[in-house]
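Participant: Quick one, model-v9.tsv (TSV, C-alpha atoms):
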```tsv
chain	number	residue	atom	x	y	z
V	222	MET	CA	-3.63	41.66	14.16
V	223	THR	CA	-1.97	38.54	12.80
V	224	PRO	CA	-3.60	35.16	12.69
V	225	PRO	CA	-2.11	32.23	14.63
V	226	GLN	CA	0.62	30.49	12.69
V	227	ARG	CA	0.34	26.90	11.63
V	228	GLN	CA	3.38	24.75	12.29
V	229	ARG	CA	3.89	22.21	9.57
V	230	ARG	CA	4.18	18.65	10.66
V	231	PHE	CA	7.17	18.42	8.38
V	232	PRO	CA	9.11	21.12	6.55
V	233	LYS	CA	8.46	21.78	2.88
V	234	PRO	CA	9.51	20.19	0.58
V	235	GLU	CA	8.48	16.88	1.92
V	236	PRO	CA	11.48	15.13	3.48
V	237	VAL	CA	12.36	11.54	2.79
V	238	PRO	CA	12.39	10.36	6.46
V	239	GLN	CA	9.25	8.71	7.67
V	240	PRO	CA	7.00	10.77	9.93
V	241	PRO	CA	7.27	9.75	13.59
V	242	PRO	CA	5.37	6.55	14.26
V	243	ARG	CA	2.06	7.08	15.93
V	244	GLU	CA	-0.49	4.69	17.23
V	245	GLU	CA	-2.92	5.54	14.47
V	246	GLN	CA	-0.30	5.55	11.75
V	247	GLU	CA	-1.24	3.29	8.85
V	248	PRO	CA	0.73	0.10	9.10
V	249	PRO	CA	2.60	-0.99	5.98
V	250	GLU	CA	0.72	-2.65	3.16
V	251	GLY	CA	-0.27	-6.18	3.98
V	252	GLN	CA	-0.69	-5.52	7.68
V	253	LYS	CA	-3.48	-3.00	7.43
V	254	LYS	CA	-6.00	-3.36	10.16
V	255	ASN	CA	-9.53	-3.74	8.98
V	256	PRO	CA	-11.47	-1.02	10.78
V	257	GLU	CA	-14.70	-2.91	10.25
V	258	ARG	CA	-13.87	-5.63	12.71
V	259	LEU	CA	-16.14	-4.07	15.29
V	260	TYR	CA	-18.72	-6.52	14.06
V	261	VAL	CA	-17.80	-10.02	13.05
V	262	ILE	CA	-19.69	-11.64	10.23
V	263	THR	CA	-21.15	-14.87	11.45
V	264	GLY	CA	-22.81	-15.82	8.20
V	265	PRO	CA	-21.90	-18.82	6.07
V	266	ASP	CA	-18.22	-19.56	6.49
V	267	GLY	CA	-15.76	-18.27	4.00
V	268	VAL	CA	-18.05	-15.56	2.65
V	269	GLU	CA	-16.07	-12.95	0.76
V	270	ARG	CA	-16.37	-9.48	2.18
V	271	VAL	CA	-17.95	-7.15	-0.38
V	272	GLU	CA	-16.12	-3.86	-0.85
V	273	LEU	CA	-18.65	-1.27	0.22
V	274	ASP	CA	-18.09	2.45	0.27
V	275	LEU	CA	-20.39	5.05	1.81
V	276	VAL	CA	-21.45	5.98	-1.71
V	277	THR	CA	-21.74	2.53	-3.23
V	278	LEU	CA	-25.22	2.42	-4.76
V	279	ILE	CA	-27.42	-0.51	-3.80
V	280	VAL	CA	-30.44	-1.74	-5.76
V	281	ALA	CA	-32.82	-4.48	-4.67
V	282	ARG	CA	-33.17	-7.35	-7.13
V	283	ALA	CA	-36.16	-8.97	-5.52
V	284	ASP	CA	-38.83	-8.57	-2.90
V	285	PRO	CA	-37.83	-9.70	0.59
V	286	PRO	CA	-38.14	-13.49	0.80
V	287	PRO	CA	-40.05	-14.93	3.77
V	288	SER	CA	-36.71	-16.02	5.23
V	289	ALA	CA	-35.37	-12.46	5.40
V	290	THR	CA	-34.69	-10.96	8.83
V	291	PRO	CA	-36.62	-7.75	9.68
V	292	GLU	CA	-33.46	-5.73	9.04
V	293	GLN	CA	-32.90	-7.35	5.66
V	294	ALA	CA	-36.55	-6.91	4.69
V	295	ALA	CA	-36.49	-3.23	5.66
V	296	LEU	CA	-33.28	-2.71	3.71
V	297	LEU	CA	-34.65	-4.41	0.60
V	298	ARG	CA	-37.80	-2.31	0.71
V	299	LEU	CA	-35.71	0.87	0.95
V	300	CYS	CA	-33.59	0.23	-2.11
V	301	THR	CA	-36.15	-0.54	-4.78
V	302	ALA	CA	-34.64	2.59	-6.36
V	303	PRO	CA	-30.83	2.97	-6.12
V	304	LEU	CA	-29.70	4.18	-2.70
V	305	SER	CA	-26.24	4.71	-1.26
V	306	VAL	CA	-24.95	2.74	1.72
V	307	ALA	CA	-24.81	6.03	3.65
V	308	GLU	CA	-28.50	6.70	2.98
V	309	LEU	CA	-29.41	3.14	3.98
V	310	SER	CA	-27.49	3.63	7.23
V	311	ALA	CA	-29.34	6.91	7.85
V	312	TYR	CA	-32.83	5.64	7.10
V	313	LEU	CA	-32.34	2.40	9.03
V	314	SER	CA	-30.66	4.25	11.94
V	315	LEU	CA	-27.95	1.60	11.91
V	316	PRO	CA	-24.20	2.19	12.00
V	317	PHE	CA	-22.38	2.01	8.68
V	318	SER	CA	-20.50	-1.15	9.65
V	319	VAL	CA	-23.73	-2.95	10.58
V	320	VAL	CA	-25.29	-2.02	7.25
V	321	THR	CA	-22.24	-3.38	5.41
V	322	VAL	CA	-22.72	-6.71	7.21
V	323	LEU	CA	-26.40	-6.84	6.23
V	324	LEU	CA	-25.51	-5.96	2.67
V	325	THR	CA	-22.82	-8.61	2.45
V	326	GLU	CA	-25.45	-11.19	3.34
V	327	LEU	CA	-27.86	-9.79	0.77
V	328	VAL	CA	-25.20	-9.71	-1.95
V	329	THR	CA	-24.34	-13.33	-1.21
V	330	ALA	CA	-28.03	-14.23	-1.44
V	331	GLU	CA	-28.19	-12.32	-4.75
V	332	LEU	CA	-30.99	-10.14	-3.44
V	333	VAL	CA	-29.22	-6.84	-4.18
V	334	THR	CA	-26.86	-5.52	-6.83
V	335	VAL	CA	-23.97	-3.21	-6.08
V	336	ARG	CA	-22.95	-0.24	-8.23
V	337	ALA	CA	-19.42	0.69	-7.27
V	338	PRO	CA	-18.49	4.35	-6.79
V	339	ILE	CA	-15.97	6.22	-8.89
V	340	ILE	CA	-12.98	6.83	-6.68
V	341	ARG	CA	-10.24	9.39	-7.19
V	342	GLN	CA	-7.41	8.21	-9.36
V	343	ALA	CA	-3.85	9.48	-9.26
V	344	LEU	CA	-4.72	11.25	-12.47
V	345	ALA	CA	-8.31	12.44	-12.28
V	346	ASP	CA	-10.64	11.75	-15.15
V	347	ARG	CA	-11.16	15.18	-16.67
V	348	SER	CA	-14.46	14.35	-18.31
V	349	LEU	CA	-15.78	13.21	-14.93
V	350	LEU	CA	-14.66	16.48	-13.31
V	351	GLU	CA	-16.25	18.45	-16.13
V	352	ALA	CA	-19.52	16.56	-15.72
V	353	VAL	CA	-19.59	17.39	-12.01
V	354	MET	CA	-18.81	21.05	-12.73
V	355	HIS	CA	-21.59	21.17	-15.28
V	356	GLY	CA	-24.00	19.64	-12.78
V	357	LEU	CA	-23.02	22.14	-10.07
V	358	GLN	CA	-23.49	25.06	-12.42
V	359	LYS	CA	-27.13	24.10	-12.83
V	360	LEU	CA	-27.76	24.44	-9.10
H	61	MET	CA	-28.84	-1.96	19.69
H	62	ASP	CA	-32.41	-1.07	18.97
H	63	PHE	CA	-33.72	-1.73	15.57
H	64	LYS	CA	-36.81	0.16	14.50
H	65	SER	CA	-39.46	-2.24	13.31
H	66	SER	CA	-39.79	-2.00	9.57
H	67	ASP	CA	-43.23	-0.43	9.88
H	68	THR	CA	-41.75	2.69	11.41
H	69	ILE	CA	-38.88	3.14	8.95
H	70	THR	CA	-39.39	6.12	6.73
H	71	GLY	CA	-37.48	5.82	3.54
H	72	PRO	CA	-36.79	8.58	1.05
H	73	ARG	CA	-39.76	10.58	-0.18
H	74	THR	CA	-40.86	9.59	-3.66
H	75	GLU	CA	-39.38	12.78	-5.09
H	76	ASP	CA	-36.06	11.93	-3.43
H	77	HIS	CA	-35.68	8.63	-5.25
H	78	LEU	CA	-32.71	8.38	-7.56
H	79	PRO	CA	-33.57	7.27	-11.10
H	80	GLN	CA	-32.94	3.60	-11.91
H	81	THR	CA	-30.34	4.85	-14.37
H	82	ALA	CA	-28.06	6.08	-11.54
H	83	GLN	CA	-24.88	4.11	-12.18
H	84	ALA	CA	-22.23	5.57	-9.95
H	85	ALA	CA	-21.53	8.11	-7.25
H	86	VAL	CA	-18.65	10.37	-6.36
H	87	LYS	CA	-18.02	12.14	-3.09
H	88	ILE	CA	-16.55	15.35	-1.75
H	89	VAL	CA	-15.67	15.76	1.91
H	90	ILE	CA	-16.23	18.97	3.84
H	91	VAL	CA	-13.99	18.90	6.86
H	92	GLY	CA	-13.58	21.29	9.76
H	93	GLY	CA	-13.87	21.74	13.50
H	94	PHE	CA	-17.08	21.49	15.48
H	95	GLY	CA	-19.52	24.30	14.77
H	96	VAL	CA	-17.65	25.66	11.78
H	97	GLY	CA	-20.63	25.22	9.45
H	98	LYS	CA	-20.07	21.87	7.71
H	99	THR	CA	-23.67	20.75	8.07
H	100	THR	CA	-24.91	24.19	7.09
H	101	MET	CA	-22.91	24.00	3.88
H	102	VAL	CA	-24.10	20.47	3.11
H	103	GLY	CA	-27.70	21.51	3.74
H	104	SER	CA	-27.54	24.64	1.62
H	105	VAL	CA	-26.63	22.76	-1.59
H	106	SER	CA	-28.15	19.33	-1.02
H	107	GLU	CA	-31.22	18.25	-2.97
H	108	ILE	CA	-32.32	16.12	-0.03
H	109	LYS	CA	-32.68	17.10	3.60
H	110	PRO	CA	-29.27	16.29	5.12
H	111	LEU	CA	-29.10	12.81	6.60
H	112	THR	CA	-26.87	11.41	9.30
H	113	THR	CA	-24.86	8.24	9.24
H	114	GLU	CA	-23.32	7.01	12.43
H	115	GLU	CA	-20.53	4.75	13.46
H	116	THR	CA	-19.71	3.33	16.84
H	117	MET	CA	-16.35	3.90	18.47
H	118	THR	CA	-14.48	1.13	20.18
H	119	GLN	CA	-13.49	1.50	23.82
H	120	ALA	CA	-10.18	3.09	22.85
H	121	GLY	CA	-11.92	6.20	21.63
H	122	VAL	CA	-14.19	6.70	24.60
H	123	GLY	CA	-13.57	9.75	26.70
H	124	VAL	CA	-10.89	11.26	24.48
H	125	ASP	CA	-13.20	13.89	23.23
H	126	ASP	CA	-14.76	15.25	26.40
H	127	ASN	CA	-14.35	18.87	25.40
H	128	TYR	CA	-16.18	18.52	22.16
H	129	GLY	CA	-19.52	17.33	20.89
H	130	SER	CA	-22.97	18.12	22.00
H	131	ASP	CA	-24.66	16.69	25.06
H	132	THR	CA	-27.07	14.72	22.93
H	133	LYS	CA	-24.35	12.50	21.53
H	134	THR	CA	-22.86	9.71	23.53
H	135	ALA	CA	-19.11	9.46	23.64
H	136	THR	CA	-19.19	6.21	21.70
H	137	THR	CA	-20.97	7.39	18.57
H	138	VAL	CA	-19.53	9.51	15.81
H	139	ALA	CA	-22.03	11.03	13.41
H	140	MET	CA	-21.49	12.45	9.97
H	141	ASP	CA	-24.03	14.53	8.09
H	142	PHE	CA	-24.30	14.26	4.36
H	143	GLY	CA	-26.29	15.49	1.40
H	144	ARG	CA	-26.72	14.66	-2.24
H	145	ILE	CA	-26.67	16.41	-5.62
H	146	SER	CA	-27.78	14.61	-8.78
H	147	ILE	CA	-25.29	15.52	-11.49
H	148	THR	CA	-26.81	13.57	-14.38
H	149	ASP	CA	-29.22	10.66	-14.70
H	150	GLN	CA	-26.21	8.39	-14.27
H	151	LEU	CA	-24.00	10.27	-11.84
H	152	VAL	CA	-24.63	11.36	-8.24
H	153	LEU	CA	-22.47	13.55	-6.00
H	154	TYR	CA	-22.50	13.06	-2.23
H	155	LEU	CA	-21.20	15.64	0.21
H	156	PHE	CA	-20.00	14.52	3.62
H	157	GLY	CA	-19.41	16.87	6.52
H	158	THR	CA	-16.92	15.23	8.83
H	159	PRO	CA	-15.17	16.18	12.06
H	160	GLY	CA	-11.58	17.26	11.65
H	161	GLN	CA	-10.05	14.73	14.02
H	162	GLU	CA	-8.39	12.00	12.05
H	163	ARG	CA	-8.97	9.34	14.67
H	164	PHE	CA	-12.62	9.34	13.52
H	165	TRP	CA	-11.81	8.92	9.86
H	166	PHE	CA	-10.91	5.26	10.05
H	167	LEU	CA	-14.53	4.56	10.95
H	168	TRP	CA	-15.54	5.17	7.38
H	169	ASN	CA	-13.47	3.09	5.05
H	170	GLY	CA	-11.84	5.15	2.34
H	171	LEU	CA	-13.79	8.30	3.14
H	172	PHE	CA	-10.92	10.56	2.09
H	173	GLU	CA	-8.94	8.27	-0.19
H	174	GLY	CA	-11.90	7.73	-2.47
H	175	ALA	CA	-13.12	11.34	-2.44
H	176	LEU	CA	-12.56	13.62	-5.42
H	177	GLY	CA	-11.25	16.22	-2.99
H	178	ALA	CA	-12.00	18.12	0.18
H	179	VAL	CA	-13.12	21.53	1.32
H	180	VAL	CA	-11.43	22.60	4.56
H	181	LEU	CA	-13.94	24.92	6.19
H	182	ILE	CA	-12.36	27.34	8.65
H	183	ASP	CA	-13.55	29.85	11.21
H	184	THR	CA	-11.02	32.64	11.74
H	185	ARG	CA	-11.94	32.75	15.44
H	186	ARG	CA	-10.52	29.24	15.79
H	187	LEU	CA	-8.05	28.95	12.96
H	188	GLU	CA	-5.84	26.50	14.83
H	189	VAL	CA	-8.45	23.70	14.83
H	190	SER	CA	-7.89	23.38	11.07
H	191	PHE	CA	-4.09	23.07	11.23
H	192	ASP	CA	-4.01	19.38	11.94
H	193	VAL	CA	-6.52	18.39	9.30
H	194	MET	CA	-4.61	20.18	6.54
H	195	GLY	CA	-1.45	18.31	7.52
H	196	ARG	CA	-3.33	15.03	7.38
H	197	LEU	CA	-4.80	15.77	3.95
H	198	GLU	CA	-1.36	16.73	2.63
H	199	GLU	CA	0.12	13.49	3.97
H	200	ARG	CA	-2.61	11.44	2.33
H	201	GLY	CA	-2.36	13.33	-0.94
H	202	VAL	CA	-5.99	14.48	-0.86
H	203	PRO	CA	-6.38	17.72	-2.85
H	204	PHE	CA	-8.24	20.44	-0.96
H	205	VAL	CA	-9.27	24.08	-1.04
H	206	VAL	CA	-9.77	26.30	1.99
H	207	ALA	CA	-13.07	28.10	2.53
H	208	VAL	CA	-13.36	30.76	5.22
H	209	ASN	CA	-16.90	30.69	6.57
H	210	SER	CA	-17.55	34.36	7.28
H	211	PHE	CA	-19.05	34.73	10.73
H	212	PRO	CA	-20.06	38.31	11.50
H	213	ASP	CA	-17.96	38.63	14.66
H	214	ALA	CA	-14.94	36.75	13.35
H	215	PRO	CA	-11.64	38.54	12.75
H	216	ARG	CA	-11.00	39.22	9.09
H	217	TYR	CA	-7.53	38.65	7.69
H	218	PRO	CA	-6.26	39.41	4.22
H	219	VAL	CA	-6.04	36.22	2.16
H	220	GLU	CA	-2.27	36.50	1.90
H	221	ASP	CA	-1.94	36.66	5.70
H	222	LEU	CA	-4.11	33.56	5.93
H	223	ARG	CA	-2.02	31.82	3.30
H	224	THR	CA	1.13	32.58	5.27
H	225	ALA	CA	-0.46	31.56	8.57
H	226	LEU	CA	-1.76	28.31	7.10
H	227	ASP	CA	1.52	27.74	5.26
H	228	LEU	CA	-0.24	26.96	2.01
H	229	SER	CA	1.36	27.18	-1.39
H	230	GLU	CA	0.18	29.73	-3.95
H	231	ASP	CA	-1.80	27.28	-6.03
H	232	ILE	CA	-4.19	26.21	-3.25
H	233	PRO	CA	-7.34	28.34	-3.48
H	234	ILE	CA	-8.45	30.19	-0.34
H	235	ILE	CA	-11.90	31.71	-0.63
H	236	GLU	CA	-14.49	33.35	1.57
H	237	CYS	CA	-17.93	31.86	1.74
H	238	ASP	CA	-21.24	32.05	3.52
H	239	ALA	CA	-22.16	28.44	4.17
H	240	ARG	CA	-25.81	29.40	4.71
H	241	ARG	CA	-26.18	30.58	1.13
H	242	ARG	CA	-26.69	28.04	-1.60
H	243	ALA	CA	-24.93	30.11	-4.27
H	244	SER	CA	-21.93	30.69	-2.04
H	245	SER	CA	-21.62	27.01	-1.09
H	246	ARG	CA	-22.00	26.03	-4.73
H	247	ASP	CA	-19.23	28.48	-5.69
H	248	THR	CA	-17.02	26.91	-3.02
H	249	LEU	CA	-17.58	23.47	-4.56
H	250	MET	CA	-16.94	24.92	-8.02
H	251	THR	CA	-13.63	26.35	-6.76
H	252	LEU	CA	-12.65	22.88	-5.60
H	253	MET	CA	-13.70	21.34	-8.92
H	254	ARG	CA	-11.75	23.92	-10.94
H	255	PHE	CA	-8.72	23.26	-8.73
H	256	LEU	CA	-9.04	19.50	-9.30
H	257	HIS	CA	-9.43	20.13	-13.01
H	258	SER	CA	-6.26	22.24	-13.12
H	259	LEU	CA	-4.40	19.48	-11.25
H	260	ALA	CA	-5.63	16.98	-13.82
H	261	MET	CA	-4.45	19.26	-16.63
H	262	THR	CA	-0.95	19.79	-15.22
H	263	GLY	CA	-0.74	16.09	-14.40
H	264	ALA	CA	-1.51	15.35	-18.02
H	265	LEU	CA	1.12	17.80	-19.24
H	266	ARG	CA	3.80	16.18	-17.13
H	267	ARG	CA	3.33	12.88	-18.86
```
Please express the file's structure as structure tokens.
Facilitator:
Amino acid sequence: MTPPQRQRRFPKPEPVPQPPPREEQEPPEGQKKNPERLYVITGPDGVERVELDLVTLIVARADPPPSATPEQAALLRLCTAPLSVAELSAYLSLPFSVVTVLLTELVTAELVTVRAPIIRQALADRSLLEAVMHGLQKL
Amino acid sequence: MDFKSSDTITGPRTEDHLPQTAQAAVKIVIVGGFGVGKTTMVGSVSEIKPLTTEETMTQAGVGVDDNYGSDTKTATTVAMDFGRISITDQLVLYLFGTPGQERFWFLWNGLFEGALGAVVLIDTRRLEVSFDVMGRLEERGVPFVVAVNSFPDAPRYPVEDLRTALDLSEDIPIIECDARRRASSRDTLMTLMRFLHSLAMTGALRR
């Protein structure tokens, strides 16, 4: 019995021609659609969008002020210890994009600090990889 | 959208709190078709009970996926299960199990681009559901390994037949695993890490 055969989307080695344009194809740099536009920030005008990844760690800097919305207060109480945006989304039962909006407001109000994730570089940091391997070995 | 009142929100258990020293996180994505065992794998190695993050689809995505998904999910919500492993006091690893269809990926900004790498989990009974995702990962330059989740009634193929069928080059690891077992899932992640490490080494040599 032979398994079904995968057809490559392009022959190896990778050809120079562009893959056929598709609706979901990434548009060229500079015209990238922001997938987070499902929800529009209506906060103070001109607020810079904070770059938030699923694994950006969030830490509360202060107790919820009386002016905080229930969502903001709940979020601040959750992240007294560092917590990822994904975990906040899970515990609050709110979509990721909604949590990023709440967090943008809280960052602007200086109520939370953001610890950026380590993202993959073209050339991976070997000491980082070794640290992860060491951690996995202890499991 | 309903928001639970803050009284009813259960946060992490005290023992699930990350230390204040946690400075940064990395992520690995486990990708595969529905029912292939992504959540099982996440759960078997995670130090916390797997959690679910959701994102809402726009109208364009509604109804495209009628053949998939469970009845409990509405067509407009895409869920992703994830778990966590503390590597050191400073570093945390998150594992995300995500559906193989790329049209969902855009919902989570940089899910793949920022990940260290990916595990493509396959079920030999439905090998073809993994074809597309491997093409997408190749196009995006995301390094991955292939893990065959061994289901008892699934056909077994020699690794070299699988390699030919999947059209993968010699250097890409293909391993068997049992996603239910912690040790097996950990070994799968270790295989990915060793692969990433070897890529980093050869990359360094080329310079």
Participant: Could you list, as number ranges by chain, every residue of chain V that has an atom within 7 Å of an atom of chain H, counting only C-alpha atoms?
Facilitator: V: 224-227, 229-230, 256, 274, 276-278, 291, 295, 299, 302-303, 307, 310-313, 316-317, 336-341, 344-345, 347, 350, 353-354, 356-357
Participant: Just the number, please: distance in Å from atom CA of H:Ser210 to atom CA of H:Ala239, one decimal.
Facilitator: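 One can read the atom CA of H:Ser210 to atom CA of H:Ala239 distance as 8.1 Å.
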Participant: Figure out the distance between atom CA of V:Ser305 and atom CA of H:Ile108, please, to one decimal in Å.
Facilitator: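 Going from atom CA of H:Ile108 over to atom CA of V:Ser305, I get 13.0 Å.
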Participant: Any idea what the distance is between atom CA of H:Lys109 and atom CA of V:Leu275?
Facilitator: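 So the answer is 17.3 Å.
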Participant: With all atoms listed in the file as the atoms that count, which of H:Leu197, H:Val205, H:Ala178, H:Ile90 lies nearest to H:Asp231?
Facilitator: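 Distance minimum relative to H:Asp231 lands on H:Val205.
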Participant: Find the residue from V:Ala283, V:Leu360, V:Ala289, V:Met222 that sits nearest to V:Glu331; use only C-alpha atoms when measuring.
Facilitator: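 Of V:Ala283, V:Leu360, V:Ala289, V:Met222, the one nearest V:Glu331, counting only C-alpha atoms, is V:Ala283.
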Participant: Nearest residue to V:Val333 out of V:Ser288, V:Gln293, V:Gln358, V:Thr223, using only C-alpha atoms?
Facilitator: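 When distances to V:Val333 are compared using only C-alpha atoms, the smallest one comes from V:Gln293.
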Participant: Given 6 Å of margin on each side, can you work out the centre and size in Å (one decimal) of an axis-aligned box holding every listed atom of stretch 325-336 of chain V, as lines of an AutoDock Vina configuration file?
Facilitator:
```
center_x = -26.9
center_y = -7.2
center_z = -2.4
size_x = 20.2
size_y = 26.0
size_z = 23.6
```
Participant: Kindly output stretch 227-250 of chain H as an mmCIF file, in the frame of the given file, after building N, CA and C atoms.
Facilitator:
```
data_model
loop_
_atom_site.group_PDB
_atom_site.id
_atom_site.type_symbol
_atom_site.label_atom_id
_atom_site.label_comp_id
_atom_site.auth_asym_id
_atom_site.auth_seq_id
_atom_site.Cartn_x
_atom_site.Cartn_y
_atom_site.Cartn_z
ATOM 1 N N ASP H 227 0.387 28.330 5.961
ATOM 2 C CA ASP H 227 1.520 27.740 5.260
ATOM 3 C C ASP H 227 1.067 26.951 4.035
ATOM 4 N N LEU H 228 0.263 27.607 3.219
ATOM 5 C CA LEU H 228 -0.240 26.960 2.010
ATOM 6 C C LEU H 228 0.438 27.546 0.788
ATOM 7 N N SER H 229 0.702 26.692 -0.189
ATOM 8 C CA SER H 229 1.360 27.180 -1.390
ATOM 9 C C SER H 229 0.379 28.013 -2.218
ATOM 10 N N GLU H 230 0.952 28.764 -3.166
ATOM 11 C CA GLU H 230 0.180 29.730 -3.950
ATOM 12 C C GLU H 230 -0.977 29.117 -4.721
ATOM 13 N N ASP H 231 -0.800 27.859 -5.126
ATOM 14 C CA ASP H 231 -1.800 27.280 -6.030
ATOM 15 C C ASP H 231 -3.063 26.816 -5.293
ATOM 16 N N ILE H 232 -3.005 26.697 -3.978
ATOM 17 C CA ILE H 232 -4.190 26.210 -3.250
ATOM 18 C C ILE H 232 -5.176 27.352 -3.022
ATOM 19 N N PRO H 233 -6.375 27.243 -3.602
ATOM 20 C CA PRO H 233 -7.340 28.340 -3.480
ATOM 21 C C PRO H 233 -7.791 28.554 -2.028
ATOM 22 N N ILE H 234 -7.856 29.817 -1.626
ATOM 23 C CA ILE H 234 -8.450 30.190 -0.340
ATOM 24 C C ILE H 234 -9.571 31.176 -0.675
ATOM 25 N N ILE H 235 -10.789 30.837 -0.290
ATOM 26 C CA ILE H 235 -11.900 31.710 -0.630
ATOM 27 C C ILE H 235 -12.767 31.974 0.590
ATOM 28 N N GLU H 236 -13.510 33.070 0.525
ATOM 29 C CA GLU H 236 -14.490 33.350 1.570
ATOM 30 C C GLU H 236 -15.822 32.782 1.132
ATOM 31 N N CYS H 237 -16.608 32.335 2.099
ATOM 32 C CA CYS H 237 -17.930 31.860 1.740
ATOM 33 C C CYS H 237 -18.917 32.120 2.869
ATOM 34 N N ASP H 238 -20.179 32.017 2.520
ATOM 35 C CA ASP H 238 -21.240 32.050 3.520
ATOM 36 C C ASP H 238 -21.978 30.731 3.379
ATOM 37 N N ALA H 239 -21.662 29.813 4.292
ATOM 38 C CA ALA H 239 -22.160 28.440 4.170
ATOM 39 C C ALA H 239 -23.682 28.371 4.178
ATOM 40 N N ARG H 240 -24.334 29.419 4.658
ATOM 41 C CA ARG H 240 -25.810 29.400 4.710
ATOM 42 C C ARG H 240 -26.408 29.620 3.340
ATOM 43 N N ARG H 241 -25.630 30.237 2.443
ATOM 44 C CA ARG H 241 -26.180 30.580 1.130
ATOM 45 C C ARG H 241 -25.828 29.518 0.095
ATOM 46 N N ARG H 242 -26.855 29.077 -0.597
ATOM 47 C CA ARG H 242 -26.690 28.040 -1.600
ATOM 48 C C ARG H 242 -25.680 28.439 -2.673
ATOM 49 N N ALA H 243 -25.818 29.668 -3.187
ATOM 50 C CA ALA H 243 -24.930 30.110 -4.270
ATOM 51 C C ALA H 243 -23.483 30.142 -3.799
ATOM 52 N N SER H 244 -23.282 30.591 -2.569
ATOM 53 C CA SER H 244 -21.930 30.690 -2.040
ATOM 54 C C SER H 244 -21.318 29.303 -1.820
ATOM 55 N N SER H 245 -22.118 28.383 -1.299
ATOM 56 C CA SER H 245 -21.620 27.010 -1.090
ATOM 57 C C SER H 245 -21.342 26.341 -2.434
ATOM 58 N N ARG H 246 -22.226 26.598 -3.403
ATOM 59 C CA ARG H 246 -22.000 26.030 -4.730
ATOM 60 C C ARG H 246 -20.693 26.571 -5.325
ATOM 61 N N ASP H 247 -20.465 27.884 -5.166
ATOM 62 C CA ASP H 247 -19.230 28.480 -5.690
ATOM 63 C C ASP H 247 -18.001 27.863 -5.021
ATOM 64 N N THR H 248 -18.126 27.545 -3.737
ATOM 65 C CA THR H 248 -17.020 26.910 -3.020
ATOM 66 C C THR H 248 -16.717 25.545 -3.650
ATOM 67 N N LEU H 249 -17.768 24.782 -3.937
ATOM 68 C CA LEU H 249 -17.580 23.470 -4.560
ATOM 69 C C LEU H 249 -17.009 23.627 -5.975
ATOM 70 N N MET H 250 -17.466 24.670 -6.674
ATOM 71 C CA MET H 250 -16.940 24.920 -8.020
ATOM 72 C C MET H 250 -15.448 25.260 -7.950
#
```
